[in-house]
Each structure stands twice: as C-alpha cells, then as structure tokens.
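Working notes, structure below.
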Amino acid sequence: MTPTSPQSPPATMEELDNRTVPGWFLSFSAAMLPFCAFCYGHSRGVTTRVVERVVKSPVGVYGLFALPFLTLGMEKSIYDTVQAWQGIDPNVRPADRGGFPSGGAELPSFSLVPVRKIAKKLTQSATQSEN
C-alpha cells in the first residue's frame, strides 16, 4: 500500500481502510446496537407512541415528513462517529468509489468525535536491522 497525499484521494478502499477483524466487528456492532434498540422499542410500542405524539404536536401530520430525515441523520452520525473513532475520515472518498449508495462522503460529516490519528507500526526484518 502506498500512502497518498492529502490532496489526492486514495485509489482504492484498501488504501483507506486498514481495519482488522476486531475493527470490523466494532463497526458492525455500532451499527447494530441502535437497530436492535429500535426493534426492541418497536416491540414495546414506542414507534406508535412517537407517531401519535408527532401527530398531536403543533406541526400535526406534517411532522411525519421530518421523521425519515431525523432517523437518517442519526444513522449517519453513528456511522461517521465510528469511522472517525477508528481513524477513517468519513469525508474521504476513494477514487474507485462513488455514486449511490456510497455518496455519504459528499455530505457533511455528522461525527461526534474528531478523526483519530493512528500511528503506523514500523517493522524491520532481522536481515535489515543487521546492516
């Protein structure tokens, strides 16, 4: 893998993403935790209460139009935060990616934490260190 300059995007996803299996599991868990909480809440009738409260609010039925945008914003916030926490800038799009559905890098980041700087481990083989 070759490092890229800050001005040019990485050529492939492999250059951008160097996570290990635990890193991928963390991303998966961070996405599934809110989904599981939603499913549990839905089974307990929370969805019905939210819809009823929105309809009875001063904005009325028109408030239901805001729900998809709010939930998508929450989803993007979770995704961007986990990516930034793992050292991946959510605003960088590799050159071989783009368009639907991977257009999230074109939107502003909703990350709640700054992008973590991860130090790269430098290793030498035994033969190189003897020279």
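Every chain in the structure tokens takes a letter, A first, then B, and so on in the order presented; its residues are numbered from 1, and the ligands are numbered from 1 following the presented order.
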Skipping near chain neighbours, those fewer than 4 positions away, what residues fall within 12 Å of Gly63 (chain A) using only C-alpha atoms, listed as a ChimeraX atom specification?
/A:50-59,67-70
Preceding selection exported with N, CA and C atoms as a PDB file, in the first residue's frame:
```pdb
ATOM      1  N   VAL A  50     -44.463   7.409  19.416  1.00  0.00           N
ATOM      2  CA  VAL A  50     -43.757   8.509  18.748  1.00  0.00           C
ATOM      3  C   VAL A  50     -44.626   9.093  17.641  1.00  0.00           C
ATOM      4  N   VAL A  51     -45.222   8.237  16.819  1.00  0.00           N
ATOM      5  CA  VAL A  51     -46.074   8.716  15.728  1.00  0.00           C
ATOM      6  C   VAL A  51     -47.274   9.476  16.295  1.00  0.00           C
ATOM      7  N   GLU A  52     -47.906   8.952  17.326  1.00  0.00           N
ATOM      8  CA  GLU A  52     -49.053   9.649  17.925  1.00  0.00           C
ATOM      9  C   GLU A  52     -48.648  10.999  18.496  1.00  0.00           C
ATOM     10  N   ARG A  53     -47.491  11.057  19.161  1.00  0.00           N
ATOM     11  CA  ARG A  53     -47.036  12.324  19.744  1.00  0.00           C
ATOM     12  C   ARG A  53     -46.725  13.345  18.652  1.00  0.00           C
ATOM     13  N   VAL A  54     -46.109  12.899  17.538  1.00  0.00           N
ATOM     14  CA  VAL A  54     -45.811  13.822  16.440  1.00  0.00           C
ATOM     15  C   VAL A  54     -47.105  14.342  15.821  1.00  0.00           C
ATOM     16  N   VAL A  55     -48.070  13.463  15.614  1.00  0.00           N
ATOM     17  CA  VAL A  55     -49.338  13.870  15.003  1.00  0.00           C
ATOM     18  C   VAL A  55     -50.085  14.847  15.899  1.00  0.00           C
ATOM     19  N   LYS A  56     -50.024  14.654  17.217  1.00  0.00           N
ATOM     20  CA  LYS A  56     -50.727  15.532  18.161  1.00  0.00           C
ATOM     21  C   LYS A  56     -49.943  16.804  18.480  1.00  0.00           C
ATOM     22  N   SER A  57     -48.730  16.925  17.961  1.00  0.00           N
ATOM     23  CA  SER A  57     -47.910  18.114  18.210  1.00  0.00           C
ATOM     24  C   SER A  57     -48.437  19.290  17.386  1.00  0.00           C
ATOM     25  N   PRO A  58     -47.919  20.489  17.621  1.00  0.00           N
ATOM     26  CA  PRO A  58     -48.384  21.657  16.853  1.00  0.00           C
ATOM     27  C   PRO A  58     -48.162  21.544  15.339  1.00  0.00           C
ATOM     28  N   VAL A  59     -47.166  20.747  14.904  1.00  0.00           N
ATOM     29  CA  VAL A  59     -46.933  20.626  13.454  1.00  0.00           C
ATOM     30  C   VAL A  59     -47.888  19.633  12.813  1.00  0.00           C
ATOM     31  N   LEU A  67     -39.568  12.763  10.118  1.00  0.00           N
ATOM     32  CA  LEU A  67     -39.019  11.558  10.744  1.00  0.00           C
ATOM     33  C   LEU A  67     -37.955  10.855   9.903  1.00  0.00           C
ATOM     34  N   PRO A  68     -38.150  10.651   8.585  1.00  0.00           N
ATOM     35  CA  PRO A  68     -37.079   9.988   7.817  1.00  0.00           C
ATOM     36  C   PRO A  68     -35.768  10.769   7.828  1.00  0.00           C
ATOM     37  N   PHE A  69     -35.852  12.094   7.760  1.00  0.00           N
ATOM     38  CA  PHE A  69     -34.626  12.895   7.751  1.00  0.00           C
ATOM     39  C   PHE A  69     -33.931  12.835   9.105  1.00  0.00           C
ATOM     40  N   LEU A  70     -34.710  12.824  10.177  1.00  0.00           N
ATOM     41  CA  LEU A  70     -34.116  12.715  11.514  1.00  0.00           C
ATOM     42  C   LEU A  70     -33.458  11.359  11.721  1.00  0.00           C
TER      43      LEU A  70
END
```
If you measure from CA of Met32 (chain A) to CA of Val92 (chain A), what distance in Å do you get, rounded to one decimal?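 CA of Val92 (chain A) lies 23.5 Å from CA of Met32 (chain A).
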Which residues come within 12 Å of Lys117 (chain A), counting only C-alpha atoms, excluding same-chain residues fewer than 6 positions away, as a VMD selection string?
-> chain A and resid 83 to 89
Residue selection dump (N, CA and C atoms) as a compact mmCIF listing (two decimals), in the first residue's frame:
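Done, and the output landed in out_23.txt:
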```txt
# COMPACT_ATOMS: atom_id res chain seq x y z
N GLN A 83 -16.50 5.62 12.28
CA GLN A 83 -15.40 5.70 11.32
C GLN A 83 -14.30 6.63 11.81
N ALA A 84 -14.68 7.80 12.33
CA ALA A 84 -13.69 8.76 12.83
C ALA A 84 -12.96 8.21 14.04
N TRP A 85 -13.66 7.48 14.90
CA TRP A 85 -13.04 6.89 16.07
C TRP A 85 -12.01 5.85 15.67
N GLN A 86 -12.22 5.18 14.54
CA GLN A 86 -11.27 4.17 14.06
C GLN A 86 -10.19 4.76 13.16
N GLY A 87 -10.18 6.07 12.99
CA GLY A 87 -9.13 6.72 12.22
C GLY A 87 -9.42 6.86 10.74
N ILE A 88 -10.65 6.65 10.32
CA ILE A 88 -11.03 6.78 8.91
C ILE A 88 -11.82 8.07 8.76
N ASP A 89 -11.36 8.95 7.89
CA ASP A 89 -12.05 10.21 7.66
C ASP A 89 -13.32 9.95 6.85
```
| said: So that I can check the secondary structure, give me every residue of region 14-60 of chain A assigned helix (DSSP H, G or I) by backbone DSSP, as a ChimeraX atom specification. | reply: /A:14-16,21-43,46-56,60
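Note that CA of Lys76 (chain A) and CA of Phe110 (chain A) are 6.4 Å apart.
CA of Ser111 (chain A) lies 7.9 Å from CA of Val82 (chain A).
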